[in-house]
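J.: Handing you a structure now.
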Amino acid sequence: MIMVAVVVLLIGVFAAVQFINSKNNRNSDKRLVKSSVSLTSFKKNEISKVSYQYRGEEWVNYKMVQDTWYNADDEDFPLASSAFANNFVEKIVQLSTSRQLAKQDDEQNYGLEDPYLTVRIENDSGKTETLYLGEYNSMIREYYLKIEGSDEIYTTGTDLIYMCRADIYDYATIESFPTYSQADLNGIVLKNDDIEIEFTYFTDGYETDLIGECRWFFKTPFSYYRSAETNKINDLKSDVIDKLQFAKLANYHPSKEDLERYGLLDVKRQYIINYKSKDEETGVTVDCARIVDFGNYDEETKCYYARMIETRGNVKEVSSNVYLISREGVDALLGIDPLDYIYKYVIFVKITDVANENGNMTFDTPDGQFVLENKSVLKEDGTTEKDIYYLNGELMEEDDVENFYLGILSKAWIERIIYDKSTVVTDKEPTYTITYNRNKDDYYGNAVVEYTEYDMNYYQATVNGVTDVLVNKRILDETMAQLKKMTEK
């Protein structure tokens, strides 16, 4: 019974509150009548000056000189003239009030005695019109407004607040984030603290490409160019690089103290486009670079501070503009993993590459040495008529050999990159060594790959004396164990 009584009491209180609110709304609505009035009588091509001030803040002033808008207090400020004209001047002449108060009380009730926002507009003849914006009415979601020279009080929407940007940098020019052209590209470098990554495009491919059709290659952190998948690089450009844009100008004339605060004096994160450019007058081709330095993270905006640098030969031009740029976008770019883009083979050599009477592959393992020969019969057009494999002189089943070799190529591939070369193991003998006796005059020639125990999970793979990567220890052990089993059949 007590609970029922409490529920009835709550229902009664709720009904009373609803009645009071409904009555207040009706009373409030009675003071308003629909009457739309333009906020200014000027046409957009007549306006030559604009000023506005928020309560307690300094005036923000703009002026037009020869069809270009400037910050009237600092003409060097990089004001986006067209953006200001489109987003303020053109819109102010279109704005109108929503309602006019039917009954006018003391102005202080509407916040117009001490306006929240004051806007002055001046035309070419020097005539000025002033708008006063008072308190915000949360019930109708509009501000009270008064036009100087009139006793009427109106309400208007939030557009004027949006247009009168308290932060002048909201109307500043924003440069485009630099992109690249494949035609003159030398390389793209990404620096993220202690990790550096470089990739580039070769129009005619590169000699280290064992795939035969690659154009994109990763260099650093590797010791030589490794083939990358073209479609994945294209996705990186369209999904990450092309979407990077500066969000806002943060400072157009920073001091040394500002730069230190932004973290732009000793940067550890960079995006660098290295390219060649030919001087049209001299015909001389010089090395150039477009660089974006990324500084500290700003918690309020969720952005990094950034600054652009351009080099052309020995000439270096450092921009005075400091921008804000999305942390999410920068992290996506600088945090890429080369393993997501390269072909992960430690070395890509087909068995057909040793398909001649002198070619073979030698495997030195804890179980002994195994020599794999491919004595395939080739047709006159160079295609294989039949694959014939011998292991230590014994004829092998074709499926056994090909499954074994496929295990090396498709399973025992690169799983980790050795970024810190000081961790390379130098005091152990390799557990496995594969010698490719290919008798071919190319970059790899008679390649030698050594697998040395790195830790309990990985072998480090050394190709022709260069150690860059790690492979799965368990998978390689299981794959190499097949050699002994094949000879015991």
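The chains in the structure tokens are called A, B, ... from first to last as shown; in each chain the residues are counted from 1, and the ligands are counted from 1 in the order shown.
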Quick one: everything within 7 Å of range 75-85 of chain A, counting only C-alpha atoms, minus sequence neighbours fewer than 6 positions away in the same chain. Send it as JSON, numbers by chain.

T.: {"A": [68, 69, 171, 172, 173]}

J.: As a list of chain:residue names, please: the residues near range 135-149 of chain A (cut-off 6 Å, only C-alpha atoms, same-chain neighbours under 6 positions excluded).

T.: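 The residues that qualify are A:Tyr110, A:Gly111, A:Thr155, A:Thr156, A:Gly157.
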
J.: For Glu398 in chain A, which residue out of A:Val471, A:Leu249, A:Met486, A:Val189 is the nearest one, using only C-alpha atoms?

T.: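 Selected residue with least distance to Glu398 in chain A: A:Met486.
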
J.: Where does range 185-239 of chain A meet range 443-457 of chain A within 10 Å, residue by residue, with the nearest atom pair and distance in Å to one decimal for each, counting only C-alpha atoms, listed by chain and rising number, as CSV?

T.:
```
residue,atom,partner,partner_atom,distance
A:Tyr206,CA,A:Tyr443,CA,9.8
A:Glu207,CA,A:Tyr443,CA,6.1
A:Thr208,CA,A:Tyr443,CA,6.2
A:Asp209,CA,A:Tyr443,CA,9.0
A:Leu210,CA,A:Tyr444,CA,9.1
```

J.: Rank A:Val65, A:Val354, A:Val322, A:Ala183 by their smallest atom-to-atom distance to Ser277 in chain A, using only C-alpha atoms, and report the top residue only.

T.: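 Between A:Val65, A:Val354, A:Val322, A:Ala183, the residue approaching Ser277 in chain A most closely is A:Ala183.
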
J.: Using DSSP on the backbone, list every residue of range 332-444 of chain A that comes out as helix (DSSP H, G or I), and give them as a PDB file with all heavy atoms, in the first residue's frame.

T.:
```pdb
ATOM      1  N   ALA A 332      48.214   6.816 -38.871  1.00  0.00           N
ATOM      2  CA  ALA A 332      47.972   5.797 -39.900  1.00  0.00           C
ATOM      3  C   ALA A 332      49.087   5.809 -40.946  1.00  0.00           C
ATOM      4  O   ALA A 332      49.469   4.753 -41.465  1.00  0.00           O
ATOM      5  CB  ALA A 332      46.624   6.035 -40.565  1.00  0.00           C
ATOM      6  N   LEU A 333      49.618   6.994 -41.249  1.00  0.00           N
ATOM      7  CA  LEU A 333      50.690   7.097 -42.241  1.00  0.00           C
ATOM      8  C   LEU A 333      52.031   6.665 -41.661  1.00  0.00           C
ATOM      9  O   LEU A 333      52.710   5.798 -42.218  1.00  0.00           O
ATOM     10  CB  LEU A 333      50.790   8.534 -42.754  1.00  0.00           C
ATOM     11  CG  LEU A 333      51.955   8.841 -43.699  1.00  0.00           C
ATOM     12  CD1 LEU A 333      51.836   8.007 -44.970  1.00  0.00           C
ATOM     13  CD2 LEU A 333      52.021  10.315 -44.031  1.00  0.00           C
ATOM     14  N   LEU A 334      52.422   7.264 -40.546  1.00  0.00           N
ATOM     15  CA  LEU A 334      53.745   6.998 -39.990  1.00  0.00           C
ATOM     16  C   LEU A 334      53.841   5.606 -39.364  1.00  0.00           C
ATOM     17  O   LEU A 334      54.944   5.096 -39.167  1.00  0.00           O
ATOM     18  CB  LEU A 334      54.104   8.056 -38.944  1.00  0.00           C
ATOM     19  CG  LEU A 334      54.147   9.503 -39.425  1.00  0.00           C
ATOM     20  CD1 LEU A 334      54.673  10.404 -38.321  1.00  0.00           C
ATOM     21  CD2 LEU A 334      55.004   9.650 -40.669  1.00  0.00           C
ATOM     22  N   PRO A 338      55.945  -2.200 -43.234  1.00  0.00           N
ATOM     23  CA  PRO A 338      56.359  -2.655 -44.567  1.00  0.00           C
ATOM     24  C   PRO A 338      55.920  -4.082 -44.883  1.00  0.00           C
ATOM     25  O   PRO A 338      55.722  -4.425 -46.050  1.00  0.00           O
ATOM     26  CB  PRO A 338      57.887  -2.544 -44.513  1.00  0.00           C
ATOM     27  CG  PRO A 338      58.145  -1.484 -43.506  1.00  0.00           C
ATOM     28  CD  PRO A 338      57.081  -1.648 -42.467  1.00  0.00           C
ATOM     29  N   LEU A 339      55.749  -4.911 -43.859  1.00  0.00           N
ATOM     30  CA  LEU A 339      55.336  -6.295 -44.090  1.00  0.00           C
ATOM     31  C   LEU A 339      53.932  -6.380 -44.671  1.00  0.00           C
ATOM     32  O   LEU A 339      53.560  -7.408 -45.244  1.00  0.00           O
ATOM     33  CB  LEU A 339      55.403  -7.099 -42.785  1.00  0.00           C
ATOM     34  CG  LEU A 339      56.790  -7.349 -42.214  1.00  0.00           C
ATOM     35  CD1 LEU A 339      56.714  -8.241 -40.994  1.00  0.00           C
ATOM     36  CD2 LEU A 339      57.711  -7.968 -43.254  1.00  0.00           C
ATOM     37  N   ASP A 340      53.157  -5.300 -44.530  1.00  0.00           N
ATOM     38  CA  ASP A 340      51.820  -5.282 -45.118  1.00  0.00           C
ATOM     39  C   ASP A 340      51.862  -4.984 -46.616  1.00  0.00           C
ATOM     40  O   ASP A 340      50.824  -5.077 -47.283  1.00  0.00           O
ATOM     41  CB  ASP A 340      50.944  -4.237 -44.424  1.00  0.00           C
ATOM     42  CG  ASP A 340      50.644  -4.587 -42.984  1.00  0.00           C
ATOM     43  OD1 ASP A 340      50.675  -5.788 -42.646  1.00  0.00           O
ATOM     44  OD2 ASP A 340      50.402  -3.659 -42.179  1.00  0.00           O
ATOM     45  N   ILE A 351      61.779 -23.227 -58.641  1.00  0.00           N
ATOM     46  CA  ILE A 351      62.579 -24.427 -58.911  1.00  0.00           C
ATOM     47  C   ILE A 351      63.009 -24.464 -60.374  1.00  0.00           C
ATOM     48  O   ILE A 351      64.080 -24.975 -60.710  1.00  0.00           O
ATOM     49  CB  ILE A 351      61.782 -25.693 -58.542  1.00  0.00           C
ATOM     50  CG1 ILE A 351      61.467 -25.706 -57.054  1.00  0.00           C
ATOM     51  CG2 ILE A 351      62.548 -26.949 -58.912  1.00  0.00           C
ATOM     52  CD1 ILE A 351      60.721 -26.926 -56.581  1.00  0.00           C
ATOM     53  N   THR A 352      62.207 -23.875 -61.242  1.00  0.00           N
ATOM     54  CA  THR A 352      62.579 -23.848 -62.666  1.00  0.00           C
ATOM     55  C   THR A 352      63.819 -23.004 -62.920  1.00  0.00           C
ATOM     56  O   THR A 352      64.444 -23.110 -63.976  1.00  0.00           O
ATOM     57  CB  THR A 352      61.419 -23.298 -63.511  1.00  0.00           C
ATOM     58  OG1 THR A 352      61.006 -22.044 -62.975  1.00  0.00           O
ATOM     59  CG2 THR A 352      60.238 -24.262 -63.484  1.00  0.00           C
ATOM     60  N   ASP A 353      64.195 -22.152 -61.941  1.00  0.00           N
ATOM     61  CA  ASP A 353      65.409 -21.345 -62.109  1.00  0.00           C
ATOM     62  C   ASP A 353      66.677 -22.193 -62.056  1.00  0.00           C
ATOM     63  O   ASP A 353      67.763 -21.715 -62.412  1.00  0.00           O
ATOM     64  CB  ASP A 353      65.476 -20.266 -61.022  1.00  0.00           C
ATOM     65  CG  ASP A 353      64.624 -19.058 -61.371  1.00  0.00           C
ATOM     66  OD1 ASP A 353      64.080 -19.044 -62.491  1.00  0.00           O
ATOM     67  OD2 ASP A 353      64.503 -18.154 -60.551  1.00  0.00           O
ATOM     68  N   VAL A 354      66.572 -23.424 -61.574  1.00  0.00           N
ATOM     69  CA  VAL A 354      67.743 -24.323 -61.550  1.00  0.00           C
ATOM     70  C   VAL A 354      67.500 -25.515 -62.470  1.00  0.00           C
ATOM     71  O   VAL A 354      68.109 -26.576 -62.313  1.00  0.00           O
ATOM     72  CB  VAL A 354      68.053 -24.801 -60.117  1.00  0.00           C
ATOM     73  CG1 VAL A 354      68.534 -23.647 -59.273  1.00  0.00           C
ATOM     74  CG2 VAL A 354      66.857 -25.489 -59.488  1.00  0.00           C
ATOM     75  N   GLU A 398      57.233 -35.886 -57.542  1.00  0.00           N
ATOM     76  CA  GLU A 398      57.089 -34.469 -57.895  1.00  0.00           C
ATOM     77  C   GLU A 398      56.315 -33.702 -56.829  1.00  0.00           C
ATOM     78  O   GLU A 398      56.710 -32.606 -56.427  1.00  0.00           O
ATOM     79  CB  GLU A 398      56.376 -34.361 -59.242  1.00  0.00           C
ATOM     80  CG  GLU A 398      56.175 -32.933 -59.728  1.00  0.00           C
ATOM     81  CD  GLU A 398      55.482 -32.879 -61.074  1.00  0.00           C
ATOM     82  OE1 GLU A 398      55.573 -33.870 -61.836  1.00  0.00           O
ATOM     83  OE2 GLU A 398      54.842 -31.854 -61.359  1.00  0.00           O
ATOM     84  N   ASP A 399      55.214 -34.284 -56.333  1.00  0.00           N
ATOM     85  CA  ASP A 399      54.385 -33.592 -55.335  1.00  0.00           C
ATOM     86  C   ASP A 399      55.148 -33.363 -54.039  1.00  0.00           C
ATOM     87  O   ASP A 399      55.015 -32.314 -53.399  1.00  0.00           O
ATOM     88  CB  ASP A 399      53.122 -34.400 -55.051  1.00  0.00           C
ATOM     89  CG  ASP A 399      52.129 -34.346 -56.202  1.00  0.00           C
ATOM     90  OD1 ASP A 399      52.286 -33.458 -57.069  1.00  0.00           O
ATOM     91  OD2 ASP A 399      51.207 -35.179 -56.237  1.00  0.00           O
ATOM     92  N   ASP A 400      55.965 -34.362 -53.630  1.00  0.00           N
ATOM     93  CA  ASP A 400      56.730 -34.222 -52.383  1.00  0.00           C
ATOM     94  C   ASP A 400      57.690 -33.044 -52.462  1.00  0.00           C
ATOM     95  O   ASP A 400      57.791 -32.233 -51.527  1.00  0.00           O
ATOM     96  CB  ASP A 400      57.510 -35.513 -52.086  1.00  0.00           C
ATOM     97  CG  ASP A 400      56.599 -36.651 -51.669  1.00  0.00           C
ATOM     98  OD1 ASP A 400      55.432 -36.375 -51.322  1.00  0.00           O
ATOM     99  OD2 ASP A 400      57.045 -37.810 -51.698  1.00  0.00           O
ATOM    100  N   VAL A 401      58.400 -32.949 -53.573  1.00  0.00           N
ATOM    101  CA  VAL A 401      59.393 -31.881 -53.722  1.00  0.00           C
ATOM    102  C   VAL A 401      58.721 -30.516 -53.793  1.00  0.00           C
ATOM    103  O   VAL A 401      59.147 -29.557 -53.135  1.00  0.00           O
ATOM    104  CB  VAL A 401      60.263 -32.113 -54.970  1.00  0.00           C
ATOM    105  CG1 VAL A 401      61.171 -30.919 -55.214  1.00  0.00           C
ATOM    106  CG2 VAL A 401      61.079 -33.380 -54.822  1.00  0.00           C
ATOM    107  N   GLU A 402      57.662 -30.433 -54.572  1.00  0.00           N
ATOM    108  CA  GLU A 402      57.018 -29.137 -54.746  1.00  0.00           C
ATOM    109  C   GLU A 402      56.304 -28.688 -53.471  1.00  0.00           C
ATOM    110  O   GLU A 402      56.277 -27.498 -53.154  1.00  0.00           O
ATOM    111  CB  GLU A 402      56.063 -29.193 -55.937  1.00  0.00           C
ATOM    112  CG  GLU A 402      56.821 -29.365 -57.262  1.00  0.00           C
ATOM    113  CD  GLU A 402      55.923 -29.318 -58.479  1.00  0.00           C
ATOM    114  OE1 GLU A 402      54.689 -29.357 -58.313  1.00  0.00           O
ATOM    115  OE2 GLU A 402      56.456 -29.258 -59.600  1.00  0.00           O
ATOM    116  N   ASN A 403      55.721 -29.622 -52.728  1.00  0.00           N
ATOM    117  CA  ASN A 403      55.104 -29.260 -51.456  1.00  0.00           C
ATOM    118  C   ASN A 403      56.148 -28.789 -50.448  1.00  0.00           C
ATOM    119  O   ASN A 403      55.916 -27.853 -49.675  1.00  0.00           O
ATOM    120  CB  ASN A 403      54.335 -30.445 -50.878  1.00  0.00           C
ATOM    121  CG  ASN A 403      53.057 -30.716 -51.650  1.00  0.00           C
ATOM    122  OD1 ASN A 403      52.520 -29.842 -52.318  1.00  0.00           O
ATOM    123  ND2 ASN A 403      52.568 -31.956 -51.565  1.00  0.00           N
ATOM    124  N   PHE A 404      57.316 -29.450 -50.458  1.00  0.00           N
ATOM    125  CA  PHE A 404      58.404 -29.045 -49.575  1.00  0.00           C
ATOM    126  C   PHE A 404      58.868 -27.623 -49.902  1.00  0.00           C
ATOM    127  O   PHE A 404      58.986 -26.768 -49.023  1.00  0.00           O
ATOM    128  CB  PHE A 404      59.582 -30.021 -49.711  1.00  0.00           C
ATOM    129  CG  PHE A 404      60.911 -29.435 -49.346  1.00  0.00           C
ATOM    130  CD1 PHE A 404      61.229 -29.157 -48.028  1.00  0.00           C
ATOM    131  CD2 PHE A 404      61.856 -29.141 -50.331  1.00  0.00           C
ATOM    132  CE1 PHE A 404      62.457 -28.600 -47.687  1.00  0.00           C
ATOM    133  CE2 PHE A 404      63.075 -28.580 -49.999  1.00  0.00           C
ATOM    134  CZ  PHE A 404      63.375 -28.320 -48.670  1.00  0.00           C
ATOM    135  N   TYR A 405      59.097 -27.369 -51.182  1.00  0.00           N
ATOM    136  CA  TYR A 405      59.620 -26.055 -51.555  1.00  0.00           C
ATOM    137  C   TYR A 405      58.568 -24.959 -51.372  1.00  0.00           C
ATOM    138  O   TYR A 405      58.879 -23.837 -50.984  1.00  0.00           O
ATOM    139  CB  TYR A 405      60.119 -26.072 -52.995  1.00  0.00           C
ATOM    140  CG  TYR A 405      61.015 -24.899 -53.301  1.00  0.00           C
ATOM    141  CD1 TYR A 405      62.226 -24.745 -52.626  1.00  0.00           C
ATOM    142  CD2 TYR A 405      60.647 -23.930 -54.219  1.00  0.00           C
ATOM    143  CE1 TYR A 405      63.049 -23.664 -52.878  1.00  0.00           C
ATOM    144  CE2 TYR A 405      61.461 -22.841 -54.478  1.00  0.00           C
ATOM    145  CZ  TYR A 405      62.661 -22.715 -53.793  1.00  0.00           C
ATOM    146  OH  TYR A 405      63.476 -21.645 -54.035  1.00  0.00           O
ATOM    147  N   LEU A 406      57.308 -25.312 -51.620  1.00  0.00           N
ATOM    148  CA  LEU A 406      56.234 -24.346 -51.403  1.00  0.00           C
ATOM    149  C   LEU A 406      56.146 -23.967 -49.930  1.00  0.00           C
ATOM    150  O   LEU A 406      55.821 -22.834 -49.586  1.00  0.00           O
ATOM    151  CB  LEU A 406      54.897 -24.937 -51.870  1.00  0.00           C
ATOM    152  CG  LEU A 406      53.692 -23.993 -51.839  1.00  0.00           C
ATOM    153  CD1 LEU A 406      53.912 -22.816 -52.788  1.00  0.00           C
ATOM    154  CD2 LEU A 406      52.426 -24.740 -52.192  1.00  0.00           C
ATOM    155  N   GLY A 407      56.477 -24.905 -49.046  1.00  0.00           N
ATOM    156  CA  GLY A 407      56.475 -24.616 -47.619  1.00  0.00           C
ATOM    157  C   GLY A 407      57.484 -23.550 -47.250  1.00  0.00           C
ATOM    158  O   GLY A 407      57.249 -22.730 -46.361  1.00  0.00           O
ATOM    159  N   ILE A 408      58.633 -23.537 -47.928  1.00  0.00           N
ATOM    160  CA  ILE A 408      59.639 -22.504 -47.673  1.00  0.00           C
ATOM    161  C   ILE A 408      59.158 -21.148 -48.169  1.00  0.00           C
ATOM    162  O   ILE A 408      59.284 -20.120 -47.486  1.00  0.00           O
ATOM    163  CB  ILE A 408      60.976 -22.865 -48.354  1.00  0.00           C
ATOM    164  CG1 ILE A 408      61.532 -24.170 -47.772  1.00  0.00           C
ATOM    165  CG2 ILE A 408      61.986 -21.736 -48.187  1.00  0.00           C
ATOM    166  CD1 ILE A 408      62.807 -24.632 -48.439  1.00  0.00           C
ATOM    167  N   LEU A 409      58.553 -21.159 -49.353  1.00  0.00           N
ATOM    168  CA  LEU A 409      58.146 -19.891 -49.954  1.00  0.00           C
ATOM    169  C   LEU A 409      56.897 -19.304 -49.312  1.00  0.00           C
ATOM    170  O   LEU A 409      56.800 -18.088 -49.116  1.00  0.00           O
ATOM    171  CB  LEU A 409      57.909 -20.074 -51.456  1.00  0.00           C
ATOM    172  CG  LEU A 409      59.118 -20.454 -52.311  1.00  0.00           C
ATOM    173  CD1 LEU A 409      58.702 -20.563 -53.773  1.00  0.00           C
ATOM    174  CD2 LEU A 409      60.222 -19.423 -52.168  1.00  0.00           C
ATOM    175  N   SER A 410      55.909 -20.130 -49.001  1.00  0.00           N
ATOM    176  CA  SER A 410      54.612 -19.614 -48.580  1.00  0.00           C
ATOM    177  C   SER A 410      54.374 -19.656 -47.080  1.00  0.00           C
ATOM    178  O   SER A 410      53.419 -19.044 -46.591  1.00  0.00           O
ATOM    179  CB  SER A 410      53.492 -20.399 -49.274  1.00  0.00           C
ATOM    180  OG  SER A 410      53.512 -21.752 -48.857  1.00  0.00           O
ATOM    181  N   LYS A 421      69.681  -3.109 -35.821  1.00  0.00           N
ATOM    182  CA  LYS A 421      70.677  -4.047 -36.330  1.00  0.00           C
ATOM    183  C   LYS A 421      71.664  -4.507 -35.256  1.00  0.00           C
ATOM    184  O   LYS A 421      72.379  -5.475 -35.439  1.00  0.00           O
ATOM    185  CB  LYS A 421      71.444  -3.403 -37.499  1.00  0.00           C
ATOM    186  CG  LYS A 421      70.571  -3.108 -38.718  1.00  0.00           C
ATOM    187  CD  LYS A 421      69.937  -4.367 -39.270  1.00  0.00           C
ATOM    188  CE  LYS A 421      69.260  -4.129 -40.615  1.00  0.00           C
ATOM    189  NZ  LYS A 421      68.056  -3.287 -40.503  1.00  0.00           N
ATOM    190  N   SER A 422      71.669  -3.803 -34.112  1.00  0.00           N
ATOM    191  CA  SER A 422      72.572  -4.215 -33.040  1.00  0.00           C
ATOM    192  C   SER A 422      72.127  -5.531 -32.406  1.00  0.00           C
ATOM    193  O   SER A 422      72.887  -6.164 -31.666  1.00  0.00           O
ATOM    194  CB  SER A 422      72.665  -3.123 -31.971  1.00  0.00           C
ATOM    195  OG  SER A 422      71.431  -2.983 -31.279  1.00  0.00           O
ATOM    196  N   THR A 423      70.893  -5.943 -32.701  1.00  0.00           N
ATOM    197  CA  THR A 423      70.383  -7.191 -32.119  1.00  0.00           C
ATOM    198  C   THR A 423      70.675  -8.403 -33.002  1.00  0.00           C
ATOM    199  O   THR A 423      70.341  -9.527 -32.626  1.00  0.00           O
ATOM    200  CB  THR A 423      68.867  -7.095 -31.899  1.00  0.00           C
ATOM    201  OG1 THR A 423      68.198  -6.977 -33.166  1.00  0.00           O
ATOM    202  CG2 THR A 423      68.511  -5.908 -31.019  1.00  0.00           C
TER     203      THR A 423
END
```
